[in-house]
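Novice: Sharing start19.txt (compact mmCIF, C-alpha atoms) below.
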```txt
# COMPACT_ATOMS: atom_id res chain seq x y z
CA MET I 5 -33.93 132.20 10.80
CA ASN I 6 -30.84 130.39 9.57
CA MET I 7 -30.65 128.38 12.78
CA LYS I 8 -34.27 127.28 12.33
CA LEU I 9 -33.56 125.99 8.85
CA THR I 10 -30.35 124.15 9.74
CA PRO I 11 -31.84 120.99 11.41
CA PRO I 12 -34.27 120.16 8.55
CA ILE I 13 -31.54 120.75 5.95
CA LEU I 14 -29.15 118.50 7.89
CA LEU I 15 -31.82 115.82 8.24
CA ILE I 16 -32.66 115.92 4.52
CA THR I 17 -28.95 115.72 3.63
CA LEU I 18 -28.44 112.77 6.00
CA PHE I 19 -31.53 110.97 4.69
CA THR I 20 -30.47 111.49 1.06
CA THR I 21 -26.94 110.23 1.81
CA VAL I 22 -28.22 107.11 3.58
CA MET I 23 -30.70 106.34 0.80
CA SER I 24 -28.10 106.74 -1.94
CA ALA I 25 -25.67 104.49 -0.04
CA GLN I 26 -28.31 101.74 0.19
CA ALA I 27 -29.55 102.10 -3.38
CA HIS I 28 -27.27 99.46 -4.87
CA ASP I 29 -27.01 97.09 -1.94
CA PRO I 30 -27.73 93.55 -3.26
CA LYS I 31 -30.10 93.07 -0.30
CA GLU I 32 -32.33 95.74 -1.84
CA HIS I 33 -32.88 93.44 -4.82
CA MET I 34 -33.77 90.46 -2.62
CA LYS I 35 -37.35 91.68 -2.01
CA ASP I 36 -38.56 90.39 -5.35
CA ALA I 37 -35.65 88.08 -6.06
CA GLU I 38 -36.25 85.46 -8.71
CA LYS I 39 -35.52 81.86 -7.69
CA PRO I 40 -33.22 79.77 -9.87
CA ASP I 41 -35.09 77.33 -12.07
CA CYS I 42 -33.02 74.22 -11.41
CA SER I 43 -35.33 71.84 -13.26
CA ALA I 44 -33.08 72.15 -16.34
CA MET I 45 -30.13 70.83 -14.30
CA LYS I 46 -32.02 67.78 -13.11
CA ASP I 47 -32.57 66.69 -16.69
CA MET I 48 -28.88 67.02 -17.60
CA ASP I 49 -26.65 64.02 -17.98
CA HIS I 50 -24.33 64.50 -14.98
CA SER I 51 -21.70 62.18 -16.43
CA LYS I 52 -21.26 64.57 -19.35
CA MET I 53 -20.91 67.68 -17.15
CA ASP I 54 -17.48 69.31 -16.97
CA MET I 55 -17.09 69.93 -13.25
CA ASP I 56 -13.96 72.05 -13.87
CA ASP I 57 -16.04 74.57 -15.77
CA PRO I 58 -16.75 77.60 -13.54
CA VAL I 59 -20.21 77.99 -15.11
CA MET I 60 -21.10 74.43 -14.15
CA GLN I 61 -19.64 74.93 -10.66
CA ALA I 62 -21.69 78.10 -10.21
CA MET I 63 -24.86 76.33 -11.36
CA MET I 64 -24.18 73.46 -8.97
CA LYS I 65 -23.75 75.92 -6.10
CA LYS I 66 -26.99 77.65 -6.98
CA CYS I 67 -28.97 74.44 -7.37
CA MET I 68 -27.30 72.42 -4.59
CA LYS I 69 -30.40 72.28 -2.41
CA ASP I 70 -32.70 71.35 -5.27
CA MET I 71 -30.30 68.65 -6.45
CA HIS I 72 -30.03 67.25 -2.90
CA HIS I 73 -33.78 67.30 -2.45
CA GLY I 74 -34.24 65.49 -5.75
CA LYS I 75 -31.54 62.99 -4.78
CA ASP I 76 -32.86 62.55 -1.22
CA LYS I 77 -36.35 62.03 -2.56
CA SER I 78 -35.25 59.43 -5.08
CA GLU I 79 -33.05 57.75 -2.43
CA SER I 80 -35.87 57.70 0.09
CA ASP I 81 -38.18 56.33 -2.58
CA SER I 82 -35.70 53.58 -3.42
CA ASP I 83 -35.10 52.94 0.33
CA HIS I 84 -38.80 52.69 0.76
CA ALA I 85 -39.04 50.31 -2.16
CA HIS I 86 -36.09 48.35 -0.72
CA ASP I 87 -37.87 48.22 2.67
CA ASP I 88 -40.99 46.99 0.94
CA ASN I 89 -38.97 44.25 -0.76
CA ASN I 90 -37.38 43.31 2.56
CA SER I 91 -40.73 43.14 4.29
CA GLU I 92 -42.06 41.03 1.45
CA ASP I 93 -39.05 38.70 1.85
CA GLU I 94 -39.58 38.57 5.60
CA HIS I 95 -43.25 37.91 5.03
CA ALA I 96 -42.37 35.11 2.61
CA GLU I 97 -39.85 33.63 5.06
CA ARG I 98 -42.44 33.72 7.81
CA GLN I 99 -44.89 31.88 5.55
CA HIS I 100 -42.30 29.14 4.98
CA MET H 23 4.70 135.25 -52.53
CA LEU H 24 2.92 135.93 -49.20
CA SER H 25 4.91 137.54 -46.42
CA ILE H 26 4.79 135.96 -42.98
CA SER H 27 2.63 138.77 -41.56
CA ALA H 28 0.13 138.46 -44.44
CA PHE H 29 -0.01 134.69 -43.87
CA LEU H 30 -0.64 135.16 -40.14
CA LYS H 31 -3.35 137.75 -40.85
CA SER H 32 -5.09 135.34 -43.24
CA LEU H 33 -4.82 132.51 -40.72
CA LEU H 34 -6.27 134.70 -37.95
CA LEU H 35 -9.12 135.71 -40.25
CA ILE H 36 -9.93 132.09 -41.10
CA VAL H 37 -9.81 130.98 -37.44
CA THR H 38 -12.00 133.91 -36.35
CA ALA H 39 -14.50 133.18 -39.13
CA ALA H 40 -14.56 129.49 -38.14
CA VAL H 41 -15.13 130.29 -34.44
CA LEU H 42 -17.88 132.78 -35.34
CA ALA H 43 -19.54 130.30 -37.70
CA GLY H 44 -19.36 127.58 -35.04
CA GLY H 45 -20.81 129.92 -32.42
CA LEU H 46 -23.60 130.98 -34.77
CA PHE H 47 -24.44 127.35 -35.52
CA ILE H 48 -24.55 126.44 -31.81
CA TYR H 49 -26.69 129.44 -30.86
CA SER H 50 -28.98 129.07 -33.89
CA GLY H 51 -30.41 125.84 -32.43
CA PHE H 52 -30.37 124.20 -35.86
CA TYR H 53 -28.39 121.15 -34.66
CA PRO H 54 -30.72 118.09 -34.59
CA MET H 55 -30.32 116.90 -30.99
CA GLY H 56 -32.75 113.95 -31.11
CA ALA H 57 -31.42 110.43 -30.60
CA ASP H 58 -33.50 109.38 -33.60
CA THR H 59 -31.34 111.46 -35.96
CA GLN H 60 -28.06 109.69 -36.70
CA HIS H 61 -24.64 111.33 -36.82
CA HIS H 62 -22.92 111.96 -40.12
CA PRO H 63 -20.51 109.02 -40.69
CA ILE H 64 -17.52 111.35 -40.25
CA THR H 65 -18.90 112.69 -36.93
CA TYR H 66 -19.57 109.11 -35.80
CA TRP H 67 -16.06 108.03 -36.70
CA LEU H 68 -14.56 111.04 -34.90
CA LEU H 69 -16.56 110.43 -31.71
CA GLU H 70 -15.93 106.69 -31.76
CA THR H 71 -12.21 107.11 -32.33
CA LEU H 72 -12.03 109.72 -29.57
CA ARG H 73 -13.88 107.36 -27.21
CA GLU H 74 -11.80 104.28 -27.99
CA LYS H 75 -8.44 106.05 -27.82
CA SER H 76 -9.38 107.70 -24.53
CA ILE H 77 -10.56 104.44 -22.93
CA ALA H 78 -7.54 102.48 -24.18
CA ARG H 79 -5.17 105.04 -22.64
CA ALA H 80 -7.10 105.28 -19.35
CA ALA H 81 -7.49 101.49 -18.95
CA LYS H 82 -3.89 100.61 -19.88
CA ASN H 83 -2.56 100.14 -16.35
CA ILE H 84 -5.54 98.39 -14.76
CA GLN H 85 -4.54 95.16 -12.99
CA VAL H 86 -6.78 92.21 -13.86
CA PRO H 87 -7.50 89.90 -10.85
CA ALA H 88 -6.12 86.36 -11.18
CA ASP H 89 -9.36 84.72 -10.00
CA LEU H 90 -11.62 86.24 -12.64
CA ASP H 91 -12.79 82.76 -13.66
CA SER H 92 -14.15 81.76 -10.24
CA SER H 93 -17.72 80.50 -9.88
CA ASP H 94 -18.41 82.89 -6.99
CA ARG H 95 -17.58 85.87 -9.19
CA LEU H 96 -19.94 84.52 -11.87
CA LEU H 97 -22.81 84.22 -9.39
CA SER H 98 -22.33 87.68 -7.92
CA GLY H 99 -21.67 89.35 -11.26
CA GLY H 100 -24.54 87.54 -12.96
CA ALA H 101 -27.14 88.83 -10.52
CA ASP H 102 -25.84 92.39 -10.84
CA TYR H 103 -25.72 92.15 -14.65
CA ASN H 104 -29.34 91.04 -14.73
CA ASP H 105 -30.46 93.91 -12.49
CA MET H 106 -28.30 96.69 -13.89
CA CYS H 107 -27.27 95.87 -17.48
CA ALA H 108 -29.60 93.36 -19.17
CA SER H 109 -32.26 95.92 -20.13
CA CYS H 110 -29.76 97.64 -22.45
CA HIS H 111 -27.15 94.93 -23.15
CA LEU H 112 -29.68 92.07 -23.40
CA LYS H 113 -29.54 88.42 -22.34
CA PRO H 114 -29.69 85.01 -24.05
CA GLY H 115 -32.87 84.66 -26.07
CA LYS H 116 -33.49 88.41 -26.33
CA THR H 117 -32.44 90.35 -29.40
CA GLU H 118 -33.83 93.82 -28.64
CA SER H 119 -35.49 95.99 -26.00
CA ASP H 120 -36.95 99.51 -25.87
CA PHE H 121 -33.49 100.72 -24.85
CA THR H 122 -31.59 99.02 -27.68
CA ILE H 123 -34.08 100.42 -30.18
CA GLY H 124 -34.23 103.93 -28.73
CA LEU H 125 -30.68 104.65 -27.56
CA TYR H 126 -28.18 106.20 -29.95
CA PRO H 127 -25.54 104.94 -30.27
CA SER H 128 -27.25 101.59 -29.70
CA PRO H 129 -25.74 99.67 -26.74
CA PRO H 130 -23.88 96.48 -27.81
CA ASN H 131 -25.65 93.16 -27.31
CA LEU H 132 -23.25 91.55 -24.82
CA SER H 133 -25.09 88.21 -24.84
CA VAL H 134 -23.54 87.41 -28.22
CA SER H 135 -19.88 87.18 -29.17
CA ALA H 136 -17.91 90.25 -30.25
CA ASP H 137 -17.96 89.05 -33.86
CA GLU H 138 -21.73 88.96 -33.84
CA HIS H 139 -22.41 92.38 -32.29
CA LYS H 140 -19.83 93.94 -34.63
CA HIS H 141 -18.71 96.82 -32.42
CA SER H 142 -15.50 98.06 -33.94
CA HIS H 143 -13.51 98.21 -30.68
CA ASP H 144 -13.25 94.44 -30.58
CA ALA H 145 -11.12 94.38 -33.69
CA ARG H 146 -8.62 96.63 -31.92
CA SER H 147 -8.55 95.02 -28.50
CA ALA H 148 -8.24 91.42 -27.47
CA GLY H 149 -7.88 89.34 -24.30
CA ASP H 150 -6.79 91.39 -21.30
CA GLU H 151 -7.30 94.64 -23.19
CA THR H 152 -11.00 93.86 -23.60
CA ILE H 153 -11.28 92.91 -19.94
CA LYS H 154 -9.58 96.13 -18.79
CA ARG H 155 -11.76 98.13 -21.18
CA GLN H 156 -14.94 96.55 -19.82
CA PHE H 157 -13.89 97.25 -16.22
CA TRP H 158 -13.09 100.87 -17.01
CA ILE H 159 -16.37 101.45 -18.85
CA ILE H 160 -18.49 99.90 -16.09
CA LYS H 161 -16.64 101.92 -13.45
CA HIS H 162 -16.51 105.29 -15.21
CA GLY H 163 -19.34 105.15 -17.76
CA ILE H 164 -19.28 106.98 -21.10
CA LYS H 165 -20.31 110.59 -21.53
CA ALA H 166 -23.49 111.33 -23.50
CA SER H 167 -24.07 107.67 -24.38
CA GLY H 168 -26.53 106.47 -21.74
CA MET H 169 -23.80 104.34 -20.09
CA PRO H 170 -23.68 105.33 -16.40
CA ALA H 171 -20.61 105.23 -14.13
CA TRP H 172 -21.20 102.47 -11.59
CA GLY H 173 -17.97 103.25 -9.73
CA PRO H 174 -19.42 105.81 -7.29
CA SER H 175 -21.93 103.29 -5.94
CA HIS H 176 -20.16 99.94 -6.47
CA SER H 177 -16.85 98.58 -5.20
CA ASP H 178 -14.10 97.57 -7.63
CA ASP H 179 -14.56 93.95 -6.57
CA ARG H 180 -18.25 94.03 -7.46
CA ILE H 181 -17.43 95.55 -10.85
CA TRP H 182 -14.82 92.82 -11.47
CA ASN H 183 -17.56 90.26 -10.75
CA MET H 184 -19.62 91.77 -13.55
CA VAL H 185 -16.59 91.71 -15.87
CA ALA H 186 -16.08 88.02 -14.97
CA PHE H 187 -19.69 87.31 -15.88
CA LEU H 188 -19.35 89.18 -19.20
CA GLN H 189 -16.56 86.80 -20.26
CA ARG H 190 -19.00 83.86 -20.01
CA LEU H 191 -22.23 85.54 -21.06
CA PRO H 192 -22.03 84.88 -24.85
CA SER H 193 -21.71 81.13 -24.26
CA LEU H 194 -24.64 80.82 -21.82
CA SER H 195 -27.96 79.22 -22.72
CA LYS H 196 -31.24 80.74 -21.50
CA ASP H 197 -31.46 78.12 -18.72
CA GLN H 198 -27.89 78.70 -17.59
CA TYR H 199 -28.43 82.46 -17.58
CA GLN H 200 -31.57 82.12 -15.47
CA ILE H 201 -29.82 79.98 -12.86
CA LEU H 202 -26.68 82.14 -12.66
CA THR H 203 -28.50 85.45 -12.43
CA ALA H 204 -31.36 84.58 -10.06
CA ARG H 205 -30.75 86.33 -6.75
CA GLY H 206 -33.02 83.99 -4.82
CA ASP H 207 -31.02 81.15 -3.34
CA THR H 208 -32.40 77.67 -2.86
CA GLU H 209 -29.82 77.08 -0.13
CA GLU H 210 -30.98 79.95 2.09
CA SER H 211 -33.51 77.92 4.00
CA HIS H 212 -30.86 75.35 5.02
```
Is it possible to give me this structure as structure tokens?
Specialist:
Amino acid sequence: MNMKLTPPILLITLFTTVMSAQAHDPKEHMKDAEKPDCSAMKDMDHSKMDMDDPVMQAMMKKCMKDMHHGKDKSESDSDHAHDDNNSEDEHAERQH
Amino acid sequence: MLSISAFLKSLLLIVTAAVLAGGLFIYSGFYPMGADTQHHPITYWLLETLREKSIARAAKNIQVPADLDSSDRLLSGGADYNDMCASCHLKPGKTESDFTIGLYPSPPNLSVSADEHKHSHDARSAGDETIKRQFWIIKHGIKASGMPAWGPSHSDDRIWNMVAFLQRLPSLSKDQYQILTARGDTEESH
């Protein structure tokens, strides 16, 4: 009788131990993890930011990708505009 | 003048009567146990003094890490604070929750400075003492207060990250708090 009960008890104990060990794993919180809203950072005056401040450094780390995307987009837009200007110049030169 | 034996007999009688009266009170069930009935100010002072003296003694020899001000600690501690603590200890822009209203004693609002939340321990401890106290409380919890011990399920390093975040929390805006505590990472897809 006791031998019959031992495997289920062991399994329940093992399962409970594993579940309690995982309960506070940060990965558990990732399922419905909120994304950082970096739009506030884009509007900030970067020249006035104190880059030695750990809070600012942490925010920069968190929003790095967003900042780069914003920067890349604006750079590509300006490159595009620059290209357009160049092509207009070339076009004008050709007309001469 | 009372002899020594008469004095001892009287003392024994008083102590026995006090123990019996205490036992009767406990077993009578007349003590109001609800969290919506406040302690008598003397009881509150006794419990608070007991708590603060005990924590100060226990936390005295804790070593504070030198890198408590690092941005990585803020990011890790911020996410944990938001998941584990903010419902009771609030966050920028929030002044109360069901827990702060219903718990007794009410948990301190850690999103404001010590002067603003007016918990008496802050007048007694400053600087490193506050930091050690916060670490000890997060790790061990406080009996019969609703504050759990996070030590059994969290490493010391992870608790220090939360302590690091607490040092900056009162100065954070709502936007800063949101960015620092969001677990989702915009860099993950890189």
Novice: Find the residues near Leu125 in chain H: any atom within 12 Å, counting all atoms listed in the file, skip ones fewer than 6 places away on the same chain, and give them as a list in words.
Specialist: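 Counting only the stated atoms, we get Gly56, Ala57, Asp58, Thr59, Gln60, Ser109, Cys110, His111, Glu118, Ser119, Ala166, Ser167, Gly168 and Met169 of chain H.
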Novice: May I ask for the distance between CA of Thr203 in chain H and CA of Pro40 in chain I, given in Å to one decimal place?
Specialist: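 Those two atoms sit 7.8 Å apart.
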Novice: Each residue of chain H lying at most 9 Å from chain I should get a row with its shortest atom-to-atom pair and the distance in Å to one decimal, counting all atoms listed in the file; could you produce that, ordered by chain and increasing number, as CSV?
Specialist:
```
residue,atom,partner,partner_atom,distance
H:Asp91,CA,I:Pro58,CA,6.5
H:Ser92,CA,I:Pro58,CA,5.9
H:Ser93,CA,I:Ala62,CA,4.7
H:Asp94,CA,I:Ala62,CA,6.6
H:Arg95,CA,I:Ala62,CA,8.8
H:Leu96,CA,I:Ala62,CA,6.9
H:Leu97,CA,I:Ala62,CA,6.3
H:Ala101,CA,I:Pro30,CA,8.7
H:Asp102,CA,I:Pro30,CA,7.9
H:Asp105,CA,I:His33,CA,8.1
H:Ser175,CA,I:His28,CA,6.7
H:His176,CA,I:His28,CA,7.3
H:Arg190,CA,I:Val59,CA,7.7
H:Leu194,CA,I:Val59,CA,8.5
H:Asp197,CA,I:Ala44,CA,6.6
H:Gln198,CA,I:Met63,CA,7.3
H:Gln200,CA,I:Pro40,CA,6.3
H:Ile201,CA,I:Pro40,CA,4.5
H:Leu202,CA,I:Met63,CA,6.2
H:Thr203,CA,I:Pro40,CA,7.8
H:Ala204,CA,I:Glu38,CA,5.1
H:Arg205,CA,I:Ala37,CA,5.2
H:Gly206,CA,I:Lys39,CA,4.4
H:Asp207,CA,I:Lys39,CA,6.3
H:Thr208,CA,I:Lys69,CA,5.8
H:Glu209,CA,I:Lys69,CA,5.3
H:Glu210,CA,I:Lys69,CA,8.9
H:His212,CA,I:Lys69,CA,8.1
```
Novice: Residues as selected, C-alpha atoms, written as a tab-separated table (two decimals), keeping the file's coordinate frame, can you do that?
Specialist:
```
chain	number	residue	atom	x	y	z
H	91	ASP	CA	-12.79	82.76	-13.66
H	92	SER	CA	-14.15	81.76	-10.24
H	93	SER	CA	-17.72	80.50	-9.88
H	94	ASP	CA	-18.41	82.89	-6.99
H	95	ARG	CA	-17.58	85.87	-9.19
H	96	LEU	CA	-19.94	84.52	-11.87
H	97	LEU	CA	-22.81	84.22	-9.39
H	101	ALA	CA	-27.14	88.83	-10.52
H	102	ASP	CA	-25.84	92.39	-10.84
H	105	ASP	CA	-30.46	93.91	-12.49
H	175	SER	CA	-21.93	103.29	-5.94
H	176	HIS	CA	-20.16	99.94	-6.47
H	190	ARG	CA	-19.00	83.86	-20.01
H	194	LEU	CA	-24.64	80.82	-21.82
H	197	ASP	CA	-31.46	78.12	-18.72
H	198	GLN	CA	-27.89	78.70	-17.59
H	200	GLN	CA	-31.57	82.12	-15.47
H	201	ILE	CA	-29.82	79.98	-12.86
H	202	LEU	CA	-26.68	82.14	-12.66
H	203	THR	CA	-28.50	85.45	-12.43
H	204	ALA	CA	-31.36	84.58	-10.06
H	205	ARG	CA	-30.75	86.33	-6.75
H	206	GLY	CA	-33.02	83.99	-4.82
H	207	ASP	CA	-31.02	81.15	-3.34
H	208	THR	CA	-32.40	77.67	-2.86
H	209	GLU	CA	-29.82	77.08	-0.13
H	210	GLU	CA	-30.98	79.95	2.09
H	212	HIS	CA	-30.86	75.35	5.02
```
Novice: Counting all atoms listed in the file, which residues in range 154-186 of chain H sit no more than 6 Å from range 77-85 of chain H? For each one, give the nearest pair of atoms and the distance in Å, sorted by chain then residue number, as a tab-separated table.
Specialist:
```
residue	atom	partner	partner_atom	distance
H:Lys154	CA	H:Ala81	CA	5.8
H:Arg155	CA	H:Ala81	CA	5.9
H:Trp158	CA	H:Ala81	CA	6.0
```
Novice: Write the residues of the preceding selection, restricted to C-alpha atoms, as a compact mmCIF listing (two decimals), in the coordinates of the input.
Specialist:
```txt
# COMPACT_ATOMS: atom_id res chain seq x y z
CA LYS H 154 -9.58 96.13 -18.79
CA ARG H 155 -11.76 98.13 -21.18
CA TRP H 158 -13.09 100.87 -17.01
```
Novice: Report, in Å to a single decimal, how far apart CA of Phe47 in chain H and CA of His62 in chain H are.
Specialist: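 Distance between the two atoms: 16.1 Å.
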Novice: Please report the interatomic distance between CA of Val134 in chain H and CA of Cys107 in chain H in Å with one decimal.
Specialist: 14.2 Å
Novice: Extract, using all atoms listed in the file, all DNA, RNA and protein residues at most 9 Å from Tyr103 in chain H, discarding same-chain residues fewer than 6 positions from it, and format them as a list in words.
Specialist: Met184, Phe187, Leu188 and Thr203 of chain H
Novice: Which is closest to Asn131 in chain H among H:Leu191, H:Pro87, H:Gly51, H:Glu74, if we use only C-alpha atoms?
Specialist: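 Smallest distance to Asn131 in chain H is found for H:Leu191.
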